[in-house]
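Student: I have a structure here, written as structure tokens, and I will follow up with some questions on it.
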4 protein chains.
Amino acid sequence: MNNSFGRIFTLTSFGESHGPAVGGVIDGMPAGITIDFDRIQHELDRRRPGQSAVVTSRNEKDRVEILSGIFEGVTTGQPIGFIVRNVDQHSNDYEPMRHIFRPSHADYTYTEKYGIRDFRGGGRSSARETISRVVAGAFARQALDAIGITITAYTESIGEISVEGKKMDFAGIENNPVRCPDPETAARMADLLINLKKEGDTVGGVVRCVISGVPAGLGDPAFGKLQALLASAMMSINAAKGFEYGMGFEGVSQTGTLMNDIFTVDSSTGRIHTETNYSGGIQGGISNGEEIYFRVAFKPIATILKQQPTVTDEGERAMLKARGRHDPCAVPRAVPVVEAMTAMVLLDAWLMNKTIHI
Amino acid sequence: MNNSFGRIFTLTSFGESHGPAVGGVIDGMPAGITIDFDRIQHELDRRRPGQSAVVTSRNEKDRVEILSGIFEGVTTGQPIGFIVRNVDQHSNDYEPMRHIFRPSHADYTYTEKYGIRDFRGGGRSSARETISRVVAGAFARQALDAIGITITAYTESIGEISVEGKKMDFAGIENNPVRCPDPETAARMADLLINLKKEGDTVGGVVRCVISGVPAGLGDPAFGKLQALLASAMMSINAAKGFEYGMGFEGVSQTGTLMNDIFTVDSSTGRIHTETNYSGGIQGGISNGEEIYFRVAFKPIATILKQQPTVTDEGERAMLKARGRHDPCAVPRAVPVVEAMTAMVLLDAWLMNKTIHI
Amino acid sequence: MNNSFGRIFTLTSFGESHGPAVGGVIDGMPAGITIDFDRIQHELDRRRPGQSAVVTSRNEKDRVEILSGIFEGVTTGQPIGFIVRNVDQHSNDYEPMRHIFRPSHADYTYTEKYGIRDFRGGGRSSARETISRVVAGAFARQALDAIGITITAYTESIGEISVEGKKMDFAGIENNPVRCPDPETAARMADLLINLKKEGDTVGGVVRCVISGVPAGLGDPAFGKLQALLASAMMSINAAKGFEYGMGFEGVSQTGTLMNDIFTVDSSTGRIHTETNYSGGIQGGISNGEEIYFRVAFKPIATILKQQPTVTDEGERAMLKARGRHDPCAVPRAVPVVEAMTAMVLLDAWLMNKTIHI
Amino acid sequence: MNNSFGRIFTLTSFGESHGPAVGGVIDGMPAGITIDFDRIQHELDRRRPGQSAVVTSRNEKDRVEILSGIFEGVTTGQPIGFIVRNVDQHSNDYEPMRHIFRPSHADYTYTEKYGIRDFRGGGRSSARETISRVVAGAFARQALDAIGITITAYTESIGEISVEGKKMDFAGIENNPVRCPDPETAARMADLLINLKKEGDTVGGVVRCVISGVPAGLGDPAFGKLQALLASAMMSINAAKGFEYGMGFEGVSQTGTLMNDIFTVDSSTGRIHTETNYSGGIQGGISNGEEIYFRVAFKPIATILKQQPTVTDEGERAMLKARGRHDPCAVPRAVPVVEAMTAMVLLDAWLMNKTIHI
């Protein structure tokens with residue numbers, strides 16, 4: 001079931017960019033939770049195109065319709081079906097691409113695999129697929145709120161511009177269109193994106209995610225390690241090229257003496273914690289109660305409004321210049337998707353952990 | 001099923017470091033394949049302790065006993081049960097650690113999660129768990145051989161020493177104990193490890209893996225993207241802290257114009273391929289026929305033979321100095337584990353791909 | 001994922017009786033199959049209320065809307081989302097049942113399990129849930145047609161009236177409202193149902209299903225035996241109380257000498273087959289190429305239009321007399337549901353079987 | 001994963017009749033339960049050949065070796081690997097069957113499906129596969145004991161001899177070799193079996209299972225209905241031909257007025273229960289707190305010590321007369337297997353039910 005994610009709390013998603021709708025089924029949502037529907041729509045609004053000058057000007061409203069699993073505003077424990085209708089599609093923009101493989105897109109691989117593809121707007125490989133993830137994540141977050149787990153993702157870098165080492169204000173992340181927690185860095189990022197958009201070019205970047213309030217015990221040994229679940233979740237997002245947590249790639253050149261997290265006891269609470277957190281809040285695949293943090297690398301979006309040589313599905317050389325309205329960078333709109341996938345993983349791990357003891 | 005991996009070709013593993021045995025069940029191994037048992041033992045020998053001066057001097061023979069699923073040397077399509085007995089254990093080395101949490105180990109998290117742990121040799125969190133992966137991977141590779149898929153992993157860096165940019169000889173990887181494809185770099189790495197071993201310290205590093213002969217079409221859209229399956233596999237290996245493929249973290253600061261892989265046609269074969277391979281052989285989650293490559297970061301091993309402050313399971317401060325025989329670096333012995341997990345993912349994706357059409 | 005069924009070809013379903021819609025996601029439908037949408041609607045029409053005098057007079061049109069996974073009339077290998085809007089609901093009929101547990105319904109168990117239930121029309125426990133099964137089955141059948149597998153279910157008995165031993169005409173099954181292959185028996189069954197409907201009472205019965213054209217090799221040893229998959233499918237249908245295949249319950253009082261199916265060879269084709277078929281087309285959990293047949297028992301529908309004593313959710317005694325429009329017997333409308341579930345199991349087993357060899 | 005069963009509490013099994021061992025991996029056993037190993041061996045002894053005059057005289061000791069997941073006698077939450085060595089095998093008895101298909105066995109279907117089979121003792125299709133089920137069930141039962149759920153299976157009928165309507169003494173089930181709760185009926189059954197054994201013939205029968213102490217709330221709507229899980233479990237046992245629960249096949253000819261279970265309130269406890277139990281303790285797929293009961297039909301064992309015509313794997317006619325030591329009836333030794341599978345289903349459903357609420 002390649003379009004399903006999770007073990008207890010699960011999402012099964014469907015939908016192409018230019019079909020009637022995208023949507024999904026959430027199974028395993030705990031019963032008895034009063035749902036704030038405005039927050040679900042709010043998360044979709046954070047993801048949607050047309051929200052600012054640094055993203056595509058496509059004006060997709062993305063209104064979610066919940067079809068089941070809620071009774072009188074409360075979750076019933078039954079599967080939650082939902083759809084988001086596709087509107088404001090310019091399918092004709094894609095007609096010239098019926099027989100052409102766009103570079104670094106999924107056109108060629110889908111055709112090789114399936115022998116058929118819905119070429120309009122990327123079909124199933126479109127980032128519109130992430131709408132379903134955002135809806136499911138918004139449900140998961142409402143359960144996590146009650147549990148006390150908080151998830152915050154933000155834009156750490158776009159191109160060469162990074163917020164690393166800057167003073168960060170998490171409360172201000174949503175105050176700028178790039179979702180960077182330092183206003184000055186955010187302004188530079190936004191300038192870069194507006195210039196790239198004019199040029200018809202794109203750029204990559206990095207999203208960082210921080211999870212607090214995680215109790216010790218989430219995640220499982222062997223193949224269900226929490227970092228494996230998170231990596232799988234993040235690497236399944238369109239355009240993701242890398243995942244690291246805790247000390248990540250950089251820390252691995254260090255020695256064990258420097259990188260070990262020494263345990264200590266909080267003398268006031270008696271609670272065991274670590275003095276440093278190179279482990280990233282996970283040890284042996286299981287959360288240790290410290291903050292979990294990880295980074296996800298996103299490549300530059302493949303759709304550029306420039307002439308590119310390519311080939312047709314008949315194996316003939318051709319030139320391609322994309323039309324339409326596109327994002328200069330995946331990162332600002334990826335932030336809510338990263339949060340949504342994280343929420344799904346965390347709630348699933350939390351529910352799974354309830355089965356450890358009778 | 002947290003101790004199971006895969007969808008069609010699956011491994012379910014069990015076993016603690018100082019219990020009677022580790023082992024597993026391979027389900028979904030295709031029928032009719034003649035097995036070379038020496039190659040399975042050979043892979044275990046590449047993983048085993050005591051194989052060289054740069055690894056732990058524990059002398060574990062790790063002989064695998066196959067219990068089912070093979071008849072007259074040929075796979076029958078039935079589940080393959082196997083065990084590797086644990087021998088040469090010094091369980092007494094661990095008695096002092098019954099009530100102590102080793103820094104950056106799984107002692108604390110297992111205790112918090114389960115309320116009980118087998119503290120001897122790390123129990124289930126021991127790297128001996130990877131034995132089962134190597135056995136399953138060795139079976140998968142024999143199917144992949146017949147298909148024509150080749151997997152090569154090697155040590156790219158240990159500490160600050162990297163083979164990047166050097167002339168590499170894949171045939172020579174197994175000629176040195178660190179499994180680095182450049183003899184001169186390998187010698188420097190080995191010196192570093194021997195020195196660290198004397199000091200009782202450890203260091204991290206990076207394994208790179210290259211897969212060739214992959215047909216276009218492996219992997220699935222949405223949550224079953226090939227990179228998500230590989231990331232999940234790699235991040236489930238003990239001590240892994242990061243995963244990247246294709247352009248990875250470094251390439252994301254570039255523009256789309258630079259990072260797009262232009263399609264072209266081989267005029268002699270008529271085959272479509274890409275001029276560059278920043279995509280890392282995967283587009284839209286599906287292999288495109290180019291070489292797949294990725295990198296895995298491994299942290300410095302947490303067990304150091306130095307005094308470290310820590311706490312007991314009663315929350316009291318204590319000092320700890322590990323005894324026993326340990327590796328100075330996970331990377332050389334991780335190379336066959338990375339290959340094994342890669343083989344499992346690839347065979348599974350290949351079998352899954354058979355179900356796309358009637 | 002309790003609302004998902006299957007391994008390769010899967011259905012994830014959602015929806016309550018009186019919510020906005022029921023629907024589901026079909027994942028794993030093979031790519032490249034041209035879909036006849038009229039046949040899908042036709043299967044829904046066979047299941048729908050209001051189709052004849054022997055079923056409920058609720059007039060549910062049950063129009064399916066396909067939302068994804070089809071491009072220009074052909075399956076793309078992507079998930080197929082679909083919905084059927086709920087219309088003609090008389091939710092007010094159920095308001096008196098908000099706090100009352102209907103006998104032999106799911107009201108009490110849902111309340112005990114979830115602490116909340118959508119009481120309107122039975123909510124998730126309504127037989128409207130089977131709509132999603134019929135849609136998924138209708139897709140599966142179109143793949144099975146191409147493979148050459150044919151599925152026929154019919155009403156074998158209603159109450160004490162049985163068609164066993166009668167001359168049966170499968171072509172005539174749909175010519176009568178009870179779906180019985182003997183017109184004379186069908187007429188007696190219809191009379192019984194019309195009388196029961198007047199009385200406000202209900203009755204049970206048995207559906208028999210016959211599958212022909214099944215190649216040898218479908219199903220798996222151990223837990224994936226074809227009969228286990230079929231039993232699981234059938235016993236998950238509302239009101240099913242029993243499943244048997246081949247010789248069933250009756251044959252078990254016989255001796256092995258009488259019940260063994262002797263192999264023989266068709267001298268014209270050289271094909272091996274069995275002289276008798278007490279095995280029901282399955283040996284060792286795997287199809288042997290003979291006809292598969294099984295029976296499913298359906299209890300009398302619990303909703304009767306008579307006074308019944310019961311209790312409230314406060315544990316107080318109460319009297320209940322159902323209102324609304326109900327079926328006198330589940331069997332006639334269960335026939336297409338049995339066929340649909342069978343189709344799902346068979347296609348799934350057929351696809352799974354493709355992974356046995358490289 | 002066709003050799004795996006369950007969702008949270010799972011068994012993955014392996015092993016052929018005449019290979020080195022059968023065994024399995026139990027994943028999801030709750031942590032912190034002190035294990036009584038004698039009880040596990042006791043369950044194996046109830047299943048083993050050679051235990052009495054009415055079963056095969058093969059003298060298999062079936063000693064289980066636990067390889068992991070237990071520390072100092074207590075479950076750790078880690079996977080429990082186990083093996084039972086195969087001994088007292090007369091593989092030579094089977095050499096003549098290398099190329100012959102035994103009637104109503106799995107020889108033909110395995111050969112058709114896999115192209116290869118281990119013909120010795122039936123290989124994977126042997127009832128020795130149920131050893132792993134009995135071990136896993138024995139673990140599950142120790143958790144269920146703590147929860148308060150009790151499972152009792154017994155022989156209801158063998159051939160035409162049935163205990164239905166007799167006064168039954170559950171405490172006496174193990175006092176006779178056929179496991180029938182009425183001594184007089186048991187004696188008649190034993191006589192029948194001893195006679196059949198002399199004749200080299202076999203007979204079928206029915207096992208009934210009763211579960212008490214089940215809390216309301218186990219099982220799930222749609223495809224995870226408790227009866228669907230039980231049916232799947234039972235129909236996966238070798239030789240099972242039918243499953244029914246509650247009113248079963250017989251009750252379906254009745255009216256709803258007669259078969260509805262009226263709710264009432266126990267005036268002393270205030271507890272809601274039903275006056276009758278035609279539902280068999282399950283309503284809407286979820287346990288209602290009443291006793292669960294079901295019946296499983298087992299066909300006559302296919303191996304008879306008489307001449308039978310058959311065909312070879314070359315499609316030539318041949319005569320076959322089985323040698324070796326065989327059971328005259330599957331039922332007495334199936335009783336502990338039915339209990340084991342039931343225990344696995346119940347514990348799994350109980351653990352799953354913990355995830356319904358946060």
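Labels for the structure tokens follow display order: chains A, B, ..., residues from 1 in each chain, ligands from 1.
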Using DSSP on the backbone coordinates, identify the residues of stretch 20-212 of chain D assigned to alpha helix (DSSP H); present them as a ChimeraX atom specification.
Tutor: /D:37-47,107-114,130-147,183-199
Student: Distance cut-off 8 Å, counting only C-alpha atoms - which residues of chain B neighbour chain D? Return them as a VMD selection string.
Tutor: chain B and resid 1 to 3 7 to 8 10 12 to 16 19 to 25 27 to 28 31 to 32 67 to 69 71 76 to 81 114 to 118 124
Student: Keeping only N, CA and C atoms, take the residues you just selected and write them out as a short mmCIF file (atom, residue, chain, number, x, y, z; two decimals), in the first residue's frame.
Tutor:
```
data_model
loop_
_atom_site.label_atom_id
_atom_site.label_comp_id
_atom_site.auth_asym_id
_atom_site.auth_seq_id
_atom_site.Cartn_x
_atom_site.Cartn_y
_atom_site.Cartn_z
N MET B 1 4.76 -4.45 13.54
CA MET B 1 5.85 -5.42 13.53
C MET B 1 7.18 -4.70 13.36
N ASN B 2 7.67 -4.22 14.50
CA ASN B 2 8.83 -3.33 14.45
C ASN B 2 10.12 -4.07 14.16
N ASN B 3 10.08 -5.36 14.25
CA ASN B 3 11.28 -6.12 13.95
C ASN B 3 11.18 -6.78 12.57
N ARG B 7 8.22 -5.40 2.25
CA ARG B 7 6.81 -5.61 1.90
C ARG B 7 6.62 -6.99 1.28
N ILE B 8 7.39 -7.32 0.26
CA ILE B 8 7.29 -8.64 -0.37
C ILE B 8 8.47 -9.50 0.11
N THR B 10 10.88 -9.87 2.89
CA THR B 10 10.89 -9.31 4.24
C THR B 10 11.85 -10.06 5.16
N THR B 12 12.26 -10.65 9.34
CA THR B 12 11.84 -10.45 10.73
C THR B 12 13.00 -10.93 11.59
N SER B 13 13.55 -10.05 12.41
CA SER B 13 14.78 -10.41 13.14
C SER B 13 14.54 -10.51 14.63
N PHE B 14 15.42 -11.21 15.31
CA PHE B 14 15.34 -11.32 16.77
C PHE B 14 16.75 -11.48 17.32
N GLY B 15 16.86 -11.33 18.62
CA GLY B 15 18.10 -11.68 19.26
C GLY B 15 18.81 -10.56 19.99
N GLU B 16 19.35 -10.93 21.15
CA GLU B 16 20.15 -10.00 21.93
C GLU B 16 21.62 -10.42 21.87
N GLY B 19 22.26 -13.23 24.53
CA GLY B 19 21.31 -14.33 24.63
C GLY B 19 21.86 -15.54 23.90
N PRO B 20 21.06 -16.58 23.77
CA PRO B 20 21.56 -17.79 23.09
C PRO B 20 21.91 -17.58 21.62
N ALA B 21 21.17 -16.73 20.93
CA ALA B 21 21.40 -16.59 19.48
C ALA B 21 20.73 -15.33 18.98
N VAL B 22 21.22 -14.86 17.83
CA VAL B 22 20.46 -13.90 17.03
C VAL B 22 20.01 -14.64 15.78
N GLY B 23 19.02 -14.11 15.09
CA GLY B 23 18.55 -14.80 13.90
C GLY B 23 17.38 -14.07 13.28
N GLY B 24 16.67 -14.79 12.43
CA GLY B 24 15.55 -14.14 11.77
C GLY B 24 14.81 -15.08 10.84
N VAL B 25 13.80 -14.53 10.23
CA VAL B 25 13.01 -15.24 9.22
C VAL B 25 12.95 -14.36 7.98
N ASP B 27 11.06 -13.88 4.61
CA ASP B 27 9.85 -14.31 3.92
C ASP B 27 9.80 -13.61 2.57
N GLY B 28 9.36 -14.31 1.55
CA GLY B 28 9.24 -13.70 0.24
C GLY B 28 10.46 -13.86 -0.64
N ALA B 31 11.37 -18.27 -5.28
CA ALA B 31 11.64 -19.71 -5.37
C ALA B 31 12.56 -20.00 -6.55
N GLY B 32 13.31 -21.10 -6.43
CA GLY B 32 14.05 -21.62 -7.57
C GLY B 32 15.46 -21.07 -7.73
N LEU B 67 17.70 -22.99 8.69
CA LEU B 67 16.80 -23.98 9.27
C LEU B 67 15.64 -24.39 8.38
N SER B 68 15.42 -23.66 7.31
CA SER B 68 14.24 -23.96 6.48
C SER B 68 14.31 -23.19 5.16
N GLY B 69 13.38 -23.51 4.28
CA GLY B 69 13.20 -22.71 3.07
C GLY B 69 14.14 -23.06 1.93
N PHE B 71 15.75 -26.44 -0.23
CA PHE B 71 15.66 -27.89 -0.44
C PHE B 71 16.65 -28.27 -1.52
N THR B 76 12.85 -22.58 -1.93
CA THR B 76 11.55 -23.21 -2.23
C THR B 76 10.40 -22.21 -2.22
N GLY B 77 10.69 -20.94 -1.90
CA GLY B 77 9.60 -19.97 -1.76
C GLY B 77 9.01 -19.97 -0.35
N GLN B 78 9.50 -20.86 0.50
CA GLN B 78 9.02 -20.93 1.88
C GLN B 78 9.94 -20.07 2.77
N PRO B 79 9.46 -19.67 3.94
CA PRO B 79 10.27 -18.79 4.80
C PRO B 79 11.59 -19.46 5.21
N ILE B 80 12.62 -18.64 5.22
CA ILE B 80 13.97 -19.11 5.54
C ILE B 80 14.29 -18.68 6.97
N GLY B 81 14.22 -19.64 7.90
CA GLY B 81 14.62 -19.37 9.28
C GLY B 81 16.11 -19.58 9.43
N TYR B 114 10.41 0.13 28.41
CA TYR B 114 9.97 -1.24 28.71
C TYR B 114 9.91 -1.55 30.21
N GLY B 115 10.62 -0.75 31.02
CA GLY B 115 10.67 -1.06 32.44
C GLY B 115 11.64 -2.19 32.74
N ILE B 116 12.27 -2.73 31.75
CA ILE B 116 13.20 -3.86 31.91
C ILE B 116 14.13 -3.83 30.71
N ARG B 117 15.40 -4.21 30.92
CA ARG B 117 16.29 -4.37 29.77
C ARG B 117 17.32 -5.45 30.06
N ASP B 118 17.73 -6.12 29.00
CA ASP B 118 18.86 -7.05 29.07
C ASP B 118 20.10 -6.20 28.89
N ARG B 124 19.27 -6.02 23.02
CA ARG B 124 18.71 -5.90 21.68
C ARG B 124 19.30 -4.71 20.93
#
```
Student: Neighbouring residues of stretch 238-248 of chain B were defined as those with any atom within 8 Å, considering only C-alpha atoms; residues of the same chain fewer than 2 positions away were excluded. Please report them as a count of residues only.
Tutor: 39
Student: Within 9 Å of D:Gly289, counting only C-alpha atoms, which residues qualify if same-chain residues fewer than 4 places away don't, as a list of chain:residue names?
Tutor: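 That gives C:Thr109, D:Ser212, D:Gly213, D:Val214, D:Pro215, D:Ala216, D:Gly217, D:His273, D:Gly281, D:Ile282.
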Student: Would you list the contacts of D:Pro328 as a PyMOL selection string, taking every protein, DNA or RNA residue within 12 Å and counting only C-alpha atoms, but skipping same-chain residues closer than 4 positions in sequence?
Tutor: (chain C and resi 255-257) or (chain D and resi 49+52-57+158-159+178+189-205+299-305+332-333)
Student: Would you put the residues from that selection into a file with N, CA and C atoms, as an mmCIF file, in the first residue's frame?
Tutor:
```cif
data_model
loop_
_atom_site.group_PDB
_atom_site.id
_atom_site.type_symbol
_atom_site.label_atom_id
_atom_site.label_comp_id
_atom_site.auth_asym_id
_atom_site.auth_seq_id
_atom_site.Cartn_x
_atom_site.Cartn_y
_atom_site.Cartn_z
ATOM 1 N N THR C 255 -15.282 -40.170 5.803
ATOM 2 C CA THR C 255 -13.912 -40.702 5.895
ATOM 3 C C THR C 255 -13.033 -40.132 4.788
ATOM 4 N N GLY C 256 -11.742 -40.225 5.022
ATOM 5 C CA GLY C 256 -10.779 -39.792 4.015
ATOM 6 C C GLY C 256 -10.932 -40.555 2.714
ATOM 7 N N THR C 257 -11.223 -41.828 2.813
ATOM 8 C CA THR C 257 -11.402 -42.640 1.612
ATOM 9 C C THR C 257 -12.481 -42.058 0.702
ATOM 10 N N PRO D 49 2.630 -35.472 18.458
ATOM 11 C CA PRO D 49 2.317 -36.855 18.100
ATOM 12 C C PRO D 49 2.741 -37.803 19.226
ATOM 13 N N SER D 52 -0.924 -40.486 22.591
ATOM 14 C CA SER D 52 -1.968 -41.442 22.974
ATOM 15 C C SER D 52 -2.204 -42.435 21.849
ATOM 16 N N ALA D 53 -3.097 -43.374 22.110
ATOM 17 C CA ALA D 53 -3.373 -44.424 21.121
ATOM 18 C C ALA D 53 -4.199 -43.926 19.938
ATOM 19 N N VAL D 54 -4.859 -42.766 20.095
ATOM 20 C CA VAL D 54 -5.731 -42.306 19.006
ATOM 21 C C VAL D 54 -5.019 -41.369 18.037
ATOM 22 N N VAL D 55 -3.749 -41.142 18.262
ATOM 23 C CA VAL D 55 -3.005 -40.268 17.347
ATOM 24 C C VAL D 55 -1.833 -41.045 16.762
ATOM 25 N N THR D 56 -1.122 -40.409 15.854
ATOM 26 C CA THR D 56 0.014 -41.053 15.223
ATOM 27 C C THR D 56 1.043 -41.519 16.265
ATOM 28 N N SER D 57 1.709 -42.614 15.958
ATOM 29 C CA SER D 57 2.710 -43.125 16.891
ATOM 30 C C SER D 57 4.079 -42.489 16.711
ATOM 31 N N ILE D 158 -16.725 -36.139 16.127
ATOM 32 C CA ILE D 158 -15.804 -36.888 15.275
ATOM 33 C C ILE D 158 -16.684 -37.823 14.454
ATOM 34 N N GLY D 159 -16.577 -37.704 13.144
ATOM 35 C CA GLY D 159 -17.489 -38.470 12.307
ATOM 36 C C GLY D 159 -18.922 -38.122 12.678
ATOM 37 N N VAL D 178 -9.294 -37.911 23.227
ATOM 38 C CA VAL D 178 -9.936 -37.183 22.128
ATOM 39 C C VAL D 178 -10.303 -35.751 22.504
ATOM 40 N N MET D 189 -15.835 -42.037 20.685
ATOM 41 C CA MET D 189 -14.957 -41.419 19.690
ATOM 42 C C MET D 189 -13.620 -42.155 19.617
ATOM 43 N N ALA D 190 -13.065 -42.466 20.765
ATOM 44 C CA ALA D 190 -11.761 -43.138 20.794
ATOM 45 C C ALA D 190 -11.849 -44.500 20.119
ATOM 46 N N ASP D 191 -12.929 -45.212 20.380
ATOM 47 C CA ASP D 191 -13.118 -46.515 19.720
ATOM 48 C C ASP D 191 -13.126 -46.359 18.199
ATOM 49 N N LEU D 192 -13.892 -45.357 17.743
ATOM 50 C CA LEU D 192 -13.969 -45.108 16.300
ATOM 51 C C LEU D 192 -12.578 -44.853 15.729
ATOM 52 N N LEU D 193 -11.810 -44.048 16.423
ATOM 53 C CA LEU D 193 -10.492 -43.675 15.895
ATOM 54 C C LEU D 193 -9.534 -44.867 15.879
ATOM 55 N N ILE D 194 -9.610 -45.685 16.923
ATOM 56 C CA ILE D 194 -8.714 -46.848 16.968
ATOM 57 C C ILE D 194 -9.061 -47.812 15.832
ATOM 58 N N ASN D 195 -10.340 -47.958 15.567
ATOM 59 C CA ASN D 195 -10.748 -48.808 14.448
ATOM 60 C C ASN D 195 -10.293 -48.252 13.109
ATOM 61 N N LEU D 196 -10.489 -46.955 12.927
ATOM 62 C CA LEU D 196 -10.079 -46.324 11.671
ATOM 63 C C LEU D 196 -8.574 -46.435 11.476
ATOM 64 N N LYS D 197 -7.832 -46.299 12.567
ATOM 65 C CA LYS D 197 -6.372 -46.382 12.494
ATOM 66 C C LYS D 197 -5.958 -47.767 12.003
ATOM 67 N N LYS D 198 -6.643 -48.773 12.512
ATOM 68 C CA LYS D 198 -6.359 -50.149 12.060
ATOM 69 C C LYS D 198 -6.637 -50.302 10.575
ATOM 70 N N GLU D 199 -7.744 -49.690 10.143
ATOM 71 C CA GLU D 199 -8.130 -49.793 8.722
ATOM 72 C C GLU D 199 -7.278 -48.918 7.821
ATOM 73 N N GLY D 200 -6.497 -48.021 8.428
ATOM 74 C CA GLY D 200 -5.737 -47.077 7.616
ATOM 75 C C GLY D 200 -6.598 -45.973 7.050
ATOM 76 N N ASP D 201 -7.759 -45.731 7.646
ATOM 77 C CA ASP D 201 -8.639 -44.676 7.155
ATOM 78 C C ASP D 201 -8.657 -43.509 8.156
ATOM 79 N N THR D 202 -9.337 -42.462 7.781
ATOM 80 C CA THR D 202 -9.378 -41.244 8.595
ATOM 81 C C THR D 202 -10.798 -40.689 8.592
ATOM 82 N N VAL D 203 -11.035 -39.723 9.478
ATOM 83 C CA VAL D 203 -12.361 -39.114 9.567
ATOM 84 C C VAL D 203 -12.203 -37.656 10.007
ATOM 85 N N GLY D 204 -13.214 -36.858 9.738
ATOM 86 C CA GLY D 204 -13.181 -35.458 10.142
ATOM 87 C C GLY D 204 -13.953 -35.211 11.420
ATOM 88 N N GLY D 205 -14.142 -33.941 11.770
ATOM 89 C CA GLY D 205 -14.865 -33.599 12.979
ATOM 90 C C GLY D 205 -14.919 -32.100 13.199
ATOM 91 N N LYS D 299 -11.623 -31.440 8.008
ATOM 92 C CA LYS D 299 -11.871 -32.542 7.071
ATOM 93 C C LYS D 299 -11.122 -33.797 7.522
ATOM 94 N N PRO D 300 -11.513 -34.954 7.005
ATOM 95 C CA PRO D 300 -10.707 -36.153 7.255
ATOM 96 C C PRO D 300 -9.300 -35.953 6.687
ATOM 97 N N ILE D 301 -8.298 -36.366 7.449
ATOM 98 C CA ILE D 301 -6.905 -36.244 6.994
ATOM 99 C C ILE D 301 -6.743 -36.991 5.672
ATOM 100 N N ALA D 302 -5.996 -36.376 4.767
ATOM 101 C CA ALA D 302 -5.905 -36.926 3.408
ATOM 102 C C ALA D 302 -5.030 -38.175 3.326
ATOM 103 N N THR D 303 -4.109 -38.317 4.257
ATOM 104 C CA THR D 303 -3.219 -39.471 4.197
ATOM 105 C C THR D 303 -3.916 -40.721 4.717
ATOM 106 N N ILE D 304 -4.253 -41.628 3.819
ATOM 107 C CA ILE D 304 -4.840 -42.904 4.211
ATOM 108 C C ILE D 304 -3.907 -44.020 3.764
ATOM 109 N N LEU D 305 -3.890 -45.104 4.551
ATOM 110 C CA LEU D 305 -2.951 -46.194 4.254
ATOM 111 C C LEU D 305 -3.614 -47.223 3.334
ATOM 112 N N PRO D 332 -8.431 -34.217 17.628
ATOM 113 C CA PRO D 332 -7.895 -34.161 19.002
ATOM 114 C C PRO D 332 -6.651 -33.286 19.131
ATOM 115 N N ARG D 333 -5.756 -33.372 18.156
ATOM 116 C CA ARG D 333 -4.554 -32.539 18.223
ATOM 117 C C ARG D 333 -4.804 -31.126 17.708
#
```
Student: In Å to one decimal, how far is atom CA of B:Ile237 from atom CA of A:Ala228?
Tutor: 8.6 Å
Student: Show which residues sit within 8 Å of B:Glu339, as a PyMOL selection string. Count only C-alpha atoms, and ignore same-chain residues fewer than 2 positions away.
Tutor: chain B and resi 137+151-153+209+335-337+341-343
Student: Can you measure atom CA of B:Arg179 to atom CA of B:Leu347 for me? One decimal in Å is fine.
Tutor: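 Atom CA of B:Leu347 lies 24.3 Å from atom CA of B:Arg179.
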Student: Just give me the gap between atom CA of D:His105 and atom CA of D:Arg325 in Å, one decimal is fine.
Tutor: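 A separation of 16.1 Å between them.
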Student: Can you check which residues of stretch 49-226 of chain B DSSP gives as strand (DSSP E) on the backbone and send them as a ChimeraX atom specification?
Tutor: /B:64-66,70-71,74-75,80-85,150-158,161-162,205-212
Student: So that I can see what lies close to D:Asn353, please list as a PyMOL selection string the residues with an atom at most 10 Å from it, counting only C-alpha atoms and leaving out residues fewer than 2 positions away in the same chain.
Tutor: (chain A and resi 354-355) or (chain C and resi 113-114) or (chain D and resi 217-220+347-351+355-357)
